[in-house]
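Structure data (CSV, C-alpha atoms) from query-v2.csv:
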chain,number,residue,atom,x,y,z
A,1,MET,CA,-13.9,5.7,15.7
A,2,THR,CA,-12.8,2.2,15.9
A,3,LEU,CA,-12.3,0.1,12.8
A,4,SER,CA,-14.7,-2.8,12.8
A,5,ARG,CA,-14.3,-5.4,10.2
A,6,GLU,CA,-15.3,-8.9,9.4
A,7,SER,CA,-12.9,-11.1,7.7
A,8,HIS,CA,-14.6,-13.2,5.0
A,9,THR,CA,-12.2,-15.9,4.2
A,10,SER,CA,-11.9,-18.5,1.5
A,11,THR,CA,-8.9,-20.5,0.6
A,12,SER,CA,-7.9,-18.1,-2.1
A,13,ASN,CA,-8.1,-15.3,0.4
A,14,SER,CA,-4.8,-16.1,2.2
A,15,ILE,CA,-2.5,-13.4,1.2
A,16,LEU,CA,0.7,-14.9,2.5
A,17,PRO,CA,2.2,-18.3,2.5
A,18,GLN,CA,1.7,-20.4,5.6
A,19,SER,CA,4.8,-18.9,7.3
A,20,ALA,CA,3.2,-15.5,8.1
A,21,ASN,CA,-0.2,-14.0,8.7
A,22,LEU,CA,-0.6,-10.5,7.6
A,23,LEU,CA,-4.1,-10.2,8.9
A,24,THR,CA,-5.9,-12.4,11.3
A,25,GLU,CA,-8.3,-14.5,9.5
A,26,ASN,CA,-10.9,-15.3,12.1
A,27,GLY,CA,-13.8,-15.8,9.8
A,28,LYS,CA,-16.2,-14.8,12.6
A,29,PHE,CA,-18.9,-12.2,11.9
A,30,LYS,CA,-18.2,-9.3,14.1
A,31,LYS,CA,-21.4,-8.5,15.9
A,32,SER,CA,-19.9,-5.2,17.1
A,33,MET,CA,-20.1,-4.1,13.5
A,34,ALA,CA,-23.8,-3.5,13.7
A,35,SER,CA,-23.5,-1.0,16.5
A,36,ALA,CA,-20.5,0.6,14.9
A,37,LEU,CA,-22.4,1.6,11.8
A,38,PRO,CA,-22.4,5.3,11.4
A,39,SER,CA,-25.8,7.0,11.4
A,40,GLY,CA,-25.5,9.0,8.2
A,41,ASP,CA,-22.4,10.4,6.9
A,42,GLN,CA,-20.8,12.2,9.8
A,43,GLY,CA,-18.1,13.6,7.6
A,44,ALA,CA,-20.5,15.3,5.2
A,45,ALA,CA,-22.7,16.5,8.0
A,46,GLU,CA,-19.7,18.3,9.5
A,47,ALA,CA,-18.6,19.7,6.2
A,48,ASN,CA,-22.0,21.2,5.4
A,49,SER,CA,-22.6,22.7,8.8
A,50,GLY,CA,-24.1,25.9,7.4
A,51,ASN,CA,-21.0,28.2,7.4
A,52,GLY,CA,-21.9,30.1,4.3
A,53,GLY,CA,-21.6,27.0,2.0
A,54,GLN,CA,-17.9,26.6,2.7
A,55,MET,CA,-16.8,23.0,2.4
A,56,GLN,CA,-14.5,22.2,5.2
A,57,LYS,CA,-12.1,19.6,3.8
A,58,LYS,CA,-11.9,16.8,6.3
A,59,PRO,CA,-8.8,14.7,5.6
A,60,PHE,CA,-9.5,11.1,4.9
A,61,THR,CA,-8.0,8.4,7.1
A,62,PHE,CA,-7.9,4.8,6.3
A,63,ASN,CA,-10.2,3.7,9.1
A,64,GLU,CA,-13.1,5.9,8.2
A,65,ILE,CA,-15.5,3.5,6.7
A,66,VAL,CA,-17.5,0.4,7.7
A,67,LEU,CA,-19.0,-1.6,4.9
A,68,ARG,CA,-22.5,-2.9,5.0
A,69,ASN,CA,-22.3,-5.2,2.0
A,70,ARG,CA,-20.2,-8.1,0.9
A,71,LEU,CA,-17.8,-6.7,-1.6
A,72,THR,CA,-15.2,-8.6,-3.6
A,73,ALA,CA,-11.9,-7.4,-5.1
A,74,LEU,CA,-9.1,-8.6,-7.3
A,75,VAL,CA,-5.6,-7.2,-7.0
A,76,VAL,CA,-3.3,-7.5,-10.0
A,77,ASP,CA,0.2,-6.5,-9.2
A,78,GLY,CA,3.6,-8.0,-10.3
A,79,ASP,CA,5.3,-6.7,-7.2
A,80,ASN,CA,4.8,-9.1,-4.3
A,81,PHE,CA,4.8,-6.4,-1.6
A,82,CYS,CA,2.4,-4.1,-3.3
A,83,ARG,CA,0.1,-7.0,-4.2
A,84,LEU,CA,0.0,-8.2,-0.6
A,85,LEU,CA,-0.3,-4.7,0.9
A,86,GLU,CA,-3.2,-3.7,-1.3
A,87,GLN,CA,-4.9,-7.0,-0.6
A,88,GLY,CA,-4.2,-6.5,3.1
A,89,ILE,CA,-5.7,-3.0,3.0
A,90,LEU,CA,-8.8,-4.2,1.3
A,91,GLN,CA,-9.2,-7.1,3.6
A,92,ALA,CA,-8.9,-4.7,6.5
A,93,TYR,CA,-12.3,-3.2,5.3
A,94,GLY,CA,-13.8,-6.7,5.0
A,95,LEU,CA,-13.6,-7.1,1.3
A,96,GLU,CA,-13.1,-10.6,0.1
A,97,THR,CA,-10.0,-10.5,-2.0
A,98,GLN,CA,-8.0,-12.5,-4.5
A,99,SER,CA,-4.8,-11.5,-6.2
A,100,VAL,CA,-2.7,-12.5,-9.2
A,101,ASN,CA,0.7,-11.3,-10.2
A,102,ASN,CA,0.3,-10.9,-13.9
A,103,GLY,CA,-2.1,-9.6,-16.5
A,104,ASP,CA,-2.7,-13.0,-18.2
A,105,ALA,CA,-3.8,-14.6,-15.0
A,106,ALA,CA,-6.2,-11.7,-14.4
A,107,VAL,CA,-7.8,-12.1,-17.8
A,108,GLU,CA,-8.1,-15.9,-17.4
A,109,LEU,CA,-9.7,-15.5,-14.0
A,110,ILE,CA,-12.4,-13.2,-15.4
A,111,ALA,CA,-12.8,-15.4,-18.5
A,112,SER,CA,-13.5,-18.3,-16.2
A,113,GLY,CA,-16.5,-16.4,-14.8
A,114,ALA,CA,-15.1,-14.9,-11.6
A,115,LYS,CA,-16.9,-11.6,-10.8
A,116,PHE,CA,-15.5,-8.8,-8.7
A,117,ASP,CA,-16.9,-5.4,-7.5
A,118,LEU,CA,-13.5,-3.9,-7.6
A,119,ILE,CA,-10.3,-4.5,-9.5
A,120,LEU,CA,-7.0,-2.8,-8.7
A,121,ILE,CA,-4.6,-3.3,-11.5
A,122,ASP,CA,-1.0,-2.1,-12.1
A,123,MET,CA,0.3,-1.0,-15.4
A,124,LEU,CA,3.5,-2.9,-15.8
A,125,LEU,CA,2.8,-6.5,-15.4
A,126,PRO,CA,4.6,-9.7,-16.4
A,127,ILE,CA,3.3,-11.8,-19.3
A,128,LEU,CA,0.5,-9.4,-20.2
A,129,ASP,CA,0.6,-5.7,-19.2
A,130,GLY,CA,-2.1,-3.9,-17.4
A,131,VAL,CA,-3.3,-1.8,-20.3
A,132,GLU,CA,-3.9,-4.8,-22.5
A,133,ALA,CA,-5.3,-6.9,-19.7
A,134,THR,CA,-7.7,-4.0,-18.9
A,135,ARG,CA,-8.8,-3.8,-22.5
A,136,ARG,CA,-9.5,-7.5,-22.6
A,137,ILE,CA,-11.4,-7.5,-19.3
A,138,ARG,CA,-13.6,-4.7,-20.5
A,139,ALA,CA,-14.1,-6.4,-23.9
A,140,MET,CA,-15.5,-9.4,-22.0
A,141,GLY,CA,-18.2,-7.1,-20.6
A,142,MET,CA,-16.9,-6.6,-17.1
A,143,ARG,CA,-18.4,-3.3,-16.0
A,144,CYS,CA,-16.9,-3.3,-12.4
A,145,LYS,CA,-14.9,-0.5,-10.9
A,146,MET,CA,-11.4,-0.7,-12.1
A,147,LEU,CA,-8.6,1.4,-10.6
A,148,GLY,CA,-5.2,1.5,-12.3
A,149,VAL,CA,-2.8,1.7,-9.4
A,150,THR,CA,0.7,2.2,-10.7
A,151,ALA,CA,4.0,3.8,-10.0
A,152,CYS,CA,3.9,5.2,-13.5
A,153,SER,CA,3.3,8.9,-13.5
A,154,GLY,CA,3.3,10.4,-17.0
A,155,GLU,CA,0.3,12.0,-18.7
A,156,ARG,CA,0.8,9.6,-21.6
A,157,GLU,CA,0.5,6.6,-19.3
A,158,ARG,CA,-2.6,8.1,-17.7
A,159,GLN,CA,-4.3,8.6,-21.0
A,160,ALA,CA,-3.4,5.1,-22.2
A,161,PHE,CA,-4.7,3.4,-19.1
A,162,LEU,CA,-7.9,5.4,-19.0
A,163,ALA,CA,-8.4,4.7,-22.7
A,164,ALA,CA,-8.0,1.0,-22.0
A,165,GLY,CA,-10.9,1.2,-19.6
A,166,VAL,CA,-9.8,1.9,-16.0
A,167,ASP,CA,-12.2,4.2,-14.2
A,168,MET,CA,-9.4,6.0,-12.4
A,169,PHE,CA,-5.6,6.3,-12.8
A,170,VAL,CA,-4.0,6.2,-9.3
A,171,GLU,CA,-0.4,6.9,-8.8
A,172,LYS,CA,0.9,4.8,-6.0
A,173,PRO,CA,0.4,4.9,-3.1
A,174,LEU,CA,-3.2,4.0,-2.9
A,175,GLY,CA,-4.3,6.3,-0.1
A,176,PRO,CA,-7.6,6.6,1.8
A,177,GLU,CA,-8.6,9.8,0.0
A,178,ILE,CA,-9.0,7.7,-3.2
A,179,LEU,CA,-10.0,4.4,-1.7
A,180,ILE,CA,-12.7,5.6,0.8
A,181,PRO,CA,-14.9,7.4,-1.7
A,182,VAL,CA,-14.7,4.4,-4.0
A,183,LEU,CA,-15.6,2.0,-1.3
A,184,ARG,CA,-18.5,4.2,-0.2
A,185,GLU,CA,-19.8,4.3,-3.7
A,186,LEU,CA,-19.5,0.5,-4.2
A,187,ASP,CA,-21.2,0.0,-0.8
A,188,GLY,CA,-24.1,2.3,-1.7
A,189,GLN,CA,-23.3,4.7,1.1
A,190,VAL,CA,-23.2,7.8,-1.0
B,191,MET,CA,2.8,5.1,35.2
B,192,ASP,CA,5.7,7.4,34.9
B,193,VAL,CA,7.7,4.9,32.9
B,194,VAL,CA,4.8,4.4,30.5
B,195,ASN,CA,4.4,8.1,30.0
B,196,GLN,CA,8.1,8.5,29.3
B,197,LEU,CA,8.1,5.7,26.8
B,198,GLN,CA,5.1,7.0,25.1
B,199,ARG,CA,6.6,10.4,24.8
B,200,GLN,CA,9.8,8.9,23.4
B,201,PHE,CA,7.8,6.9,20.9
B,202,LEU,CA,5.8,10.0,19.7
B,203,ASP,CA,9.0,12.1,19.6
B,204,TYR,CA,10.8,9.5,17.6
B,205,SER,CA,8.0,9.0,15.3
B,206,ALA,CA,7.7,12.7,14.7
B,207,SER,CA,11.4,12.9,13.9
B,208,LEU,CA,11.2,10.2,11.4
B,209,HIS,CA,8.5,12.2,9.6
B,210,ARG,CA,10.4,15.4,10.0
B,211,GLU,CA,13.5,13.9,8.5
B,212,GLY,CA,11.6,12.5,5.6
B,213,PHE,CA,12.1,8.9,6.4
B,214,LEU,CA,8.4,8.3,6.5
B,215,ASP,CA,5.4,10.2,5.1
B,216,ASP,CA,1.7,10.2,5.6
B,217,GLN,CA,1.1,6.9,3.9
B,218,PHE,CA,2.9,5.2,6.8
B,219,THR,CA,0.7,7.0,9.3
B,220,GLN,CA,-2.3,5.7,7.3
B,221,LEU,CA,-1.1,2.1,7.5
B,222,GLN,CA,-0.6,2.5,11.3
B,223,LYS,CA,-4.3,3.5,11.5
B,224,LEU,CA,-5.2,0.1,10.1
B,225,GLN,CA,-3.6,-1.7,13.0
B,226,ASP,CA,-5.9,-2.7,15.8
B,227,GLU,CA,-6.6,-5.5,18.2
B,228,ASN,CA,-7.5,-7.9,15.4
B,229,SER,CA,-4.2,-7.3,13.6
B,230,PRO,CA,-1.8,-6.0,16.3
B,231,ASP,CA,1.2,-6.8,14.2
B,232,PHE,CA,0.0,-5.3,10.9
B,233,VAL,CA,2.7,-2.6,10.6
B,234,VAL,CA,5.6,-4.8,11.7
B,235,GLU,CA,4.6,-7.5,9.2
B,236,VAL,CA,4.1,-4.9,6.4
B,237,ALA,CA,7.5,-3.5,7.2
B,238,SER,CA,9.1,-7.0,7.1
B,239,LEU,CA,7.5,-7.7,3.8
B,240,PHE,CA,8.8,-4.4,2.4
B,241,PHE,CA,12.4,-5.1,3.5
B,242,GLU,CA,12.3,-8.5,2.0
B,243,ASP,CA,11.0,-7.1,-1.3
B,244,CYS,CA,13.6,-4.2,-1.1
B,245,GLU,CA,16.5,-6.6,-0.6
B,246,LYS,CA,15.4,-8.7,-3.6
B,247,LEU,CA,15.1,-5.7,-5.8
B,248,ILE,CA,18.4,-4.2,-4.8
B,249,ASN,CA,20.1,-7.5,-5.5
B,250,ASN,CA,18.5,-7.6,-8.9
B,251,MET,CA,19.7,-4.1,-9.7
B,252,ALA,CA,23.3,-4.9,-8.5
B,253,ARG,CA,23.4,-8.0,-10.6
B,254,ALA,CA,22.2,-6.2,-13.7
B,255,LEU,CA,24.7,-3.4,-13.2
B,256,GLU,CA,27.5,-5.9,-12.8
B,257,GLN,CA,27.0,-7.2,-16.3
B,258,GLN,CA,29.4,-6.4,-19.2
B,259,GLY,CA,26.6,-5.1,-21.3
B,260,VAL,CA,24.2,-3.5,-18.8
B,261,ASP,CA,20.6,-4.0,-19.6
B,262,PHE,CA,19.3,-0.7,-18.4
B,263,LYS,CA,15.7,-1.7,-19.0
B,264,GLN,CA,16.1,-4.5,-16.5
B,265,VAL,CA,17.6,-2.1,-13.9
B,266,ASP,CA,14.8,0.4,-14.6
B,267,ALA,CA,12.2,-2.3,-14.1
B,268,SER,CA,13.5,-3.1,-10.6
B,269,VAL,CA,13.8,0.6,-9.7
B,270,HIS,CA,10.3,1.2,-10.9
B,271,GLN,CA,9.0,-1.6,-8.7
B,272,LEU,CA,10.9,-0.3,-5.7
B,273,LYS,CA,9.5,3.1,-6.4
B,274,GLY,CA,6.0,1.6,-6.2
B,275,SER,CA,6.6,-0.4,-3.1
B,276,SER,CA,8.5,2.3,-1.2
B,277,SER,CA,5.7,4.8,-1.9
B,278,SER,CA,3.1,2.3,-0.8
B,279,ILE,CA,4.7,1.9,2.6
B,280,GLY,CA,5.5,5.6,2.9
B,281,ALA,CA,9.3,5.2,2.6
B,282,MET,CA,9.8,8.7,1.2
B,283,ARG,CA,13.6,8.9,1.1
B,284,VAL,CA,13.9,5.5,-0.6
B,285,LYS,CA,11.2,6.6,-3.1
B,286,ASN,CA,13.0,9.8,-3.9
B,287,VAL,CA,16.3,8.0,-4.7
B,288,CYS,CA,14.3,5.8,-7.0
B,289,ILE,CA,13.1,8.8,-8.9
B,290,ALA,CA,16.6,10.0,-9.5
B,291,PHE,CA,17.7,6.5,-10.2
B,292,ARG,CA,15.3,6.2,-13.1
B,293,SER,CA,16.7,9.2,-14.8
B,294,PHE,CA,20.1,7.6,-14.9
B,295,CYS,CA,18.6,4.4,-16.2
B,296,GLU,CA,17.0,6.3,-19.0
B,297,ALA,CA,20.2,8.1,-19.8
B,298,GLN,CA,22.0,4.7,-19.7
B,299,ASN,CA,24.5,6.2,-17.3
B,300,ARG,CA,26.2,3.3,-15.4
B,301,GLU,CA,28.1,5.5,-13.0
B,302,GLY,CA,25.1,7.4,-12.1
B,303,CYS,CA,23.2,4.2,-11.6
B,304,LEU,CA,25.9,2.8,-9.4
B,305,ARG,CA,25.8,5.9,-7.2
B,306,CYS,CA,22.0,5.6,-6.9
B,307,LEU,CA,22.3,2.0,-6.0
B,308,GLN,CA,24.7,2.9,-3.2
B,309,GLN,CA,22.3,5.6,-2.1
B,310,VAL,CA,19.2,3.4,-2.1
B,311,THR,CA,21.0,0.7,-0.2
B,312,HIS,CA,22.1,3.3,2.4
B,313,GLU,CA,18.5,4.7,2.7
B,314,TYR,CA,17.0,1.3,3.0
B,315,SER,CA,19.5,0.3,5.8
B,316,LEU,CA,18.8,3.6,7.6
B,317,LEU,CA,15.1,3.1,7.4
B,318,LYS,CA,15.3,-0.5,8.5
B,319,ASN,CA,17.2,0.5,11.6
B,320,LYS,CA,14.9,3.3,12.4
B,321,LEU,CA,11.8,1.2,12.1
B,322,GLN,CA,13.3,-1.5,14.2
B,323,THR,CA,13.9,1.2,16.9
B,324,LEU,CA,10.3,2.4,16.6
B,325,PHE,CA,9.0,-1.1,16.9
B,326,ARG,CA,11.2,-1.7,19.9
B,327,LEU,CA,9.8,1.3,21.6
B,328,GLU,CA,6.3,0.0,20.9
B,329,GLN,CA,7.2,-3.3,22.5
B,330,GLN,CA,8.6,-1.5,25.5
B,331,ILE,CA,5.4,0.4,26.0
B,332,LEU,CA,3.3,-2.7,25.8
B,333,ALA,CA,5.7,-4.6,28.2
B,334,ALA,CA,5.4,-1.8,30.7
B,335,GLY,CA,1.6,-2.2,30.5
B,336,GLY,CA,0.8,0.8,28.5
B,337,SER,CA,-0.8,1.3,25.1
B,338,VAL,CA,0.9,2.6,22.0
B,339,PRO,CA,-0.3,6.2,21.4
B,340,ALA,CA,-2.0,7.0,18.1
B,341,ILE,CA,-0.2,9.2,15.7
B,342,GLU,CA,-2.3,12.1,14.5

Reformat the file's structure so that it appears as structure tokens.
Amino acid sequence: MTLSRESHTSTSNSILPQSANLLTENGKFKKSMASALPSGDQGAAEANSGNGGQMQKKPFTFNEIVLRNRLTALVVDGDNFCRLLEQGILQAYGLETQSVNNGDAAVELIASGAKFDLILIDMLLPILDGVEATRRIRAMGMRCKMLGVTACSGERERQAFLAAGVDMFVEKPLGPEILIPVLRELDGQV
Amino acid sequence: MDVVNQLQRQFLDYSASLHREGFLDDQFTQLQKLQDENSPDFVVEVASLFFEDCEKLINNMARALEQQGVDFKQVDASVHQLKGSSSSIGAMRVKNVCIAFRSFCEAQNREGCLRCLQQVTHEYSLLKNKLQTLFRLEQQILAAGGSVPAIE
């Protein structure tokens, strides 16, 4: 199954300074996307193929989804590489993305009225950490899907981040088995 | 055609060995799947970004460990970041050194930290060389008119 994606671009969507282009920003609507839309969820159909109710676990791969709707995402990560990579991965699926590298900028962005379908936020961030930033974002009434994507791995950290308001605590790396179901849900494909 | 097949096999064998030897894990394979005709250099560019980031972090750690009074929290912050980025690209061996490295930071063990710094520098160099070889094989396949086989 080929990955079809359209790149929605806006000036804030450029994930790298002029010197490099991580992903091609062609801004053209990919007509081939229409024909590439899966008819029903093939994965689930295979899994439930009447073999005594046994769920066959089909491993997720990154290119297993084609979005039908315009989705927006914010990536909040203090590490340049992780921020750009996560943005790049989301852009590969056609999400319109923005990113900031500290918690304070994230809160300010939301406070200024920016809306997102999905927020990926790290725990350890400069200026304002991810837990506090999450708390403030939720306090502003943002009900969007928030994933805490972090290199932290302790149970205490997990509880703290969840208590602050992230919907899921994801230990890096953000892999397709986490991301694909989230995107499907956001896209109304479930 | 023979040349292409040979190169493709070399590429697959080399790729398999990198996984077998623990240099790369499944996350890297997943990133390779995101590469297509719209972004044919995705993996190379991701790798370049990673190595840039890696170098910067290693330099931060080295500088911090050189100080008279080592700020272990600062070292730990850099190691933590490297743990995150290495796991995000699938650089398993680098990530594993970071895990050990963090224990030494917590214990405020300068000798242990310096050993880990050496190890992480070594693993990063190894990985960089190996990925450059992998990318070179890809280029050779394309130059010979073939296509890079998908890793399953």

Cut-off 9 Å: closest chain B/chain A atom pairs per residue, using all atoms listed in the file, as JSON lines:
{"residue": "B:Gln217", "atom": "CA", "partner": "A:Gly175", "partner_atom": "CA", "distance": 6.7}
{"residue": "B:Gln220", "atom": "CA", "partner": "A:Phe62", "partner_atom": "CA", "distance": 5.8}
{"residue": "B:Leu221", "atom": "CA", "partner": "A:Phe62", "partner_atom": "CA", "distance": 7.4}
{"residue": "B:Lys223", "atom": "CA", "partner": "A:Asn63", "partner_atom": "CA", "distance": 6.4}
{"residue": "B:Leu224", "atom": "CA", "partner": "A:Asn63", "partner_atom": "CA", "distance": 6.2}
{"residue": "B:Gln225", "atom": "CA", "partner": "A:Leu3", "partner_atom": "CA", "distance": 8.9}
{"residue": "B:Asp226", "atom": "CA", "partner": "A:Leu3", "partner_atom": "CA", "distance": 7.6}
{"residue": "B:Asn228", "atom": "CA", "partner": "A:Thr24", "partner_atom": "CA", "distance": 6.3}
{"residue": "B:Ser229", "atom": "CA", "partner": "A:Leu23", "partner_atom": "CA", "distance": 5.5}
{"residue": "B:Pro230", "atom": "CA", "partner": "A:Leu23", "partner_atom": "CA", "distance": 8.8}
{"residue": "B:Asp231", "atom": "CA", "partner": "A:Leu22", "partner_atom": "CA", "distance": 7.8}
{"residue": "B:Phe232", "atom": "CA", "partner": "A:Leu22", "partner_atom": "CA", "distance": 6.2}
{"residue": "B:Glu235", "atom": "CA", "partner": "A:Leu22", "partner_atom": "CA", "distance": 6.2}
{"residue": "B:Val236", "atom": "CA", "partner": "A:Leu85", "partner_atom": "CA", "distance": 7.0}
{"residue": "B:Leu239", "atom": "CA", "partner": "A:Phe81", "partner_atom": "CA", "distance": 6.2}
{"residue": "B:Phe240", "atom": "CA", "partner": "A:Phe81", "partner_atom": "CA", "distance": 6.0}
{"residue": "B:Glu242", "atom": "CA", "partner": "A:Phe81", "partner_atom": "CA", "distance": 8.6}
{"residue": "B:Asp243", "atom": "CA", "partner": "A:Phe81", "partner_atom": "CA", "distance": 6.2}
{"residue": "B:Ala267", "atom": "CA", "partner": "A:Leu124", "partner_atom": "CA", "distance": 8.9}
{"residue": "B:His270", "atom": "CA", "partner": "A:Ala151", "partner_atom": "CA", "distance": 6.9}
{"residue": "B:Gln271", "atom": "CA", "partner": "A:Asp79", "partner_atom": "CA", "distance": 6.5}
{"residue": "B:Leu272", "atom": "CA", "partner": "A:Asp79", "partner_atom": "CA", "distance": 8.6}
{"residue": "B:Lys273", "atom": "CA", "partner": "A:Ala151", "partner_atom": "CA", "distance": 6.6}
{"residue": "B:Gly274", "atom": "CA", "partner": "A:Ala151", "partner_atom": "CA", "distance": 4.8}
{"residue": "B:Ser275", "atom": "CA", "partner": "A:Cys82", "partner_atom": "CA", "distance": 5.6}
{"residue": "B:Ser276", "atom": "CA", "partner": "A:Pro173", "partner_atom": "CA", "distance": 8.7}
{"residue": "B:Ser277", "atom": "CA", "partner": "A:Pro173", "partner_atom": "CA", "distance": 5.4}
{"residue": "B:Ser278", "atom": "CA", "partner": "A:Pro173", "partner_atom": "CA", "distance": 4.4}
{"residue": "B:Ile279", "atom": "CA", "partner": "A:Pro173", "partner_atom": "CA", "distance": 7.7}
{"residue": "B:Gly280", "atom": "CA", "partner": "A:Pro173", "partner_atom": "CA", "distance": 7.9}

So that I can check the surroundings of Ser99 of chain A, please list as a tab-separated table (two decimals) with C-alpha atoms, keeping the file's coordinate frame every protein, DNA and RNA residue that reaches within 8 Å of it, counting all atoms listed in the file and ignoring chain neighbours fewer than 5 positions away.
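Saved the output as around.tsv:
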chain	number	residue	atom	x	y	z
A	15	ILE	CA	-2.50	-13.40	1.20
A	74	LEU	CA	-9.10	-8.60	-7.30
A	75	VAL	CA	-5.60	-7.20	-7.00
A	76	VAL	CA	-3.30	-7.50	-10.00
A	77	ASP	CA	0.20	-6.50	-9.20
A	83	ARG	CA	0.10	-7.00	-4.20
A	87	GLN	CA	-4.90	-7.00	-0.60

Have a look at atom CA of Val338 of chain B and atom CA of Thr323 of chain B and let me know their distance in Å, one decimal.
14.0 Å

With all atoms listed in the file as the counted atoms, please give the residues lying no more than 10 Å from Ile137 of chain A, apart from itself and same-chain residues fewer than 3 positions off, as a JSON list (two decimals) with C-alpha atoms, in the frame of the given file.
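Below you can see around.json, which holds the result:
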[["chain", "number", "residue", "atom", "x", "y", "z"],
["A", 103, "GLY", "CA", -2.10, -9.60, -16.50],
["A", 106, "ALA", "CA", -6.20, -11.70, -14.40],
["A", 107, "VAL", "CA", -7.80, -12.10, -17.80],
["A", 108, "GLU", "CA", -8.10, -15.90, -17.40],
["A", 109, "LEU", "CA", -9.70, -15.50, -14.00],
["A", 110, "ILE", "CA", -12.40, -13.20, -15.40],
["A", 111, "ALA", "CA", -12.80, -15.40, -18.50],
["A", 131, "VAL", "CA", -3.30, -1.80, -20.30],
["A", 132, "GLU", "CA", -3.90, -4.80, -22.50],
["A", 133, "ALA", "CA", -5.30, -6.90, -19.70],
["A", 134, "THR", "CA", -7.70, -4.00, -18.90],
["A", 140, "MET", "CA", -15.50, -9.40, -22.00],
["A", 141, "GLY", "CA", -18.20, -7.10, -20.60],
["A", 142, "MET", "CA", -16.90, -6.60, -17.10],
["A", 143, "ARG", "CA", -18.40, -3.30, -16.00],
["A", 144, "CYS", "CA", -16.90, -3.30, -12.40],
["A", 146, "MET", "CA", -11.40, -0.70, -12.10],
["A", 164, "ALA", "CA", -8.00, 1.00, -22.00],
["A", 165, "GLY", "CA", -10.90, 1.20, -19.60]]

Option closest in space to Leu208 of chain B, from B:Lys263, B:Arg292, B:Arg283, B:Arg326 [counting all atoms listed in the file]
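Under the stated criterion, the closest residue is B:Arg283.
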
Fewer than 4 positions away in the same chain doesn't count, so skip those; otherwise give me all residues within 8 Å of Ala281 of chain B, counting all atoms listed in the file, as a PDB file with C-alpha atoms, in the coordinates of the input.
ATOM      1  CA  PHE B 213      12.100   8.900   6.400  1.00  0.00           C
ATOM      2  CA  LEU B 214       8.400   8.300   6.500  1.00  0.00           C
ATOM      3  CA  ASP B 215       5.400  10.200   5.100  1.00  0.00           C
ATOM      4  CA  PHE B 218       2.900   5.200   6.800  1.00  0.00           C
ATOM      5  CA  SER B 276       8.500   2.300  -1.200  1.00  0.00           C
ATOM      6  CA  SER B 277       5.700   4.800  -1.900  1.00  0.00           C
ATOM      7  CA  LYS B 285      11.200   6.600  -3.100  1.00  0.00           C
ATOM      8  CA  LEU B 317      15.100   3.100   7.400  1.00  0.00           C
TER       9      LEU B 317
END

In file coordinates, which residues lie within 9 Å of (-20.3, -3.6, -0.3) using all atoms listed in the file, given as a ChimeraX atom specification?
/A:67-72,94-95,117,183-189

Those same residues, written as a PDB file, in the coordinates of the input with C-alpha atoms?
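Once written, selection30.pdb looks like this:
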ATOM      1  CA  LEU A  67     -19.000  -1.600   4.900  1.00  0.00           C
ATOM      2  CA  ARG A  68     -22.500  -2.900   5.000  1.00  0.00           C
ATOM      3  CA  ASN A  69     -22.300  -5.200   2.000  1.00  0.00           C
ATOM      4  CA  ARG A  70     -20.200  -8.100   0.900  1.00  0.00           C
ATOM      5  CA  LEU A  71     -17.800  -6.700  -1.600  1.00  0.00           C
ATOM      6  CA  THR A  72     -15.200  -8.600  -3.600  1.00  0.00           C
ATOM      7  CA  GLY A  94     -13.800  -6.700   5.000  1.00  0.00           C
ATOM      8  CA  LEU A  95     -13.600  -7.100   1.300  1.00  0.00           C
ATOM      9  CA  ASP A 117     -16.900  -5.400  -7.500  1.00  0.00           C
ATOM     10  CA  LEU A 183     -15.600   2.000  -1.300  1.00  0.00           C
ATOM     11  CA  ARG A 184     -18.500   4.200  -0.200  1.00  0.00           C
ATOM     12  CA  GLU A 185     -19.800   4.300  -3.700  1.00  0.00           C
ATOM     13  CA  LEU A 186     -19.500   0.500  -4.200  1.00  0.00           C
ATOM     14  CA  ASP A 187     -21.200   0.000  -0.800  1.00  0.00           C
ATOM     15  CA  GLY A 188     -24.100   2.300  -1.700  1.00  0.00           C
ATOM     16  CA  GLN A 189     -23.300   4.700   1.100  1.00  0.00           C
TER      17      GLN A 189
END

Hey, which of B:Leu255, B:Tyr314, B:Gln198, B:Asn319 ends up closest to Glu301 of chain B? Count all atoms listed in the file.
B:Leu255

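Atom CA of Gly212 of chain B is found 19.0 Å from atom CA of Leu307 of chain B.
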
Quick one: distance from atom CA of Asp104 of chain A to atom CA of Leu128 of chain A in Å, one decimal?
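Calculated distance between atom CA of Asp104 of chain A and atom CA of Leu128 of chain A is 5.2 Å.
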
So which one's closest to Leu304 of chain B, B:Val260, B:Ala333, B:Ala206, B:Leu197? Using all atoms listed in the file, please.
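Among the listed residues, B:Val260 lies closest to Leu304 of chain B.
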
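For the residues A:Ser153, A:Ala114, A:Met168, A:Val66, ranking by smallest atom-to-atom distance to Gln91 of chain A using all atoms listed in the file places A:Val66 first.
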
With all atoms listed in the file counted, which protein, DNA or RNA residues have an atom no more than 7 Å from (5.0, -14.4, -15.9) in the file frame? Please answer as a PyMOL selection string.
chain A and resi 102+126-127

Could you write out that same residue set with C-alpha atoms as a tab-separated table (two decimals), keeping the file's coordinate frame?
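Once everything was written out, this is part06.tsv:
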chain	number	residue	atom	x	y	z
A	102	ASN	CA	0.30	-10.90	-13.90
A	126	PRO	CA	4.60	-9.70	-16.40
A	127	ILE	CA	3.30	-11.80	-19.30

Hey, what's within 10 Å of Ser205 of chain B if we count only C-alpha atoms and toss same-chain stuff fewer than 3 positions away? As a ChimeraX atom specification, please?
/B:199-202,208-210,213-214,219,320-321,323-324,341

Residue with smallest distance to Val234 of chain B - pool B:Gln222, B:Val193, B:Cys295, B:Val287, counting all atoms listed in the file
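Using all atoms listed in the file, the shortest distance to Val234 of chain B belongs to B:Gln222.
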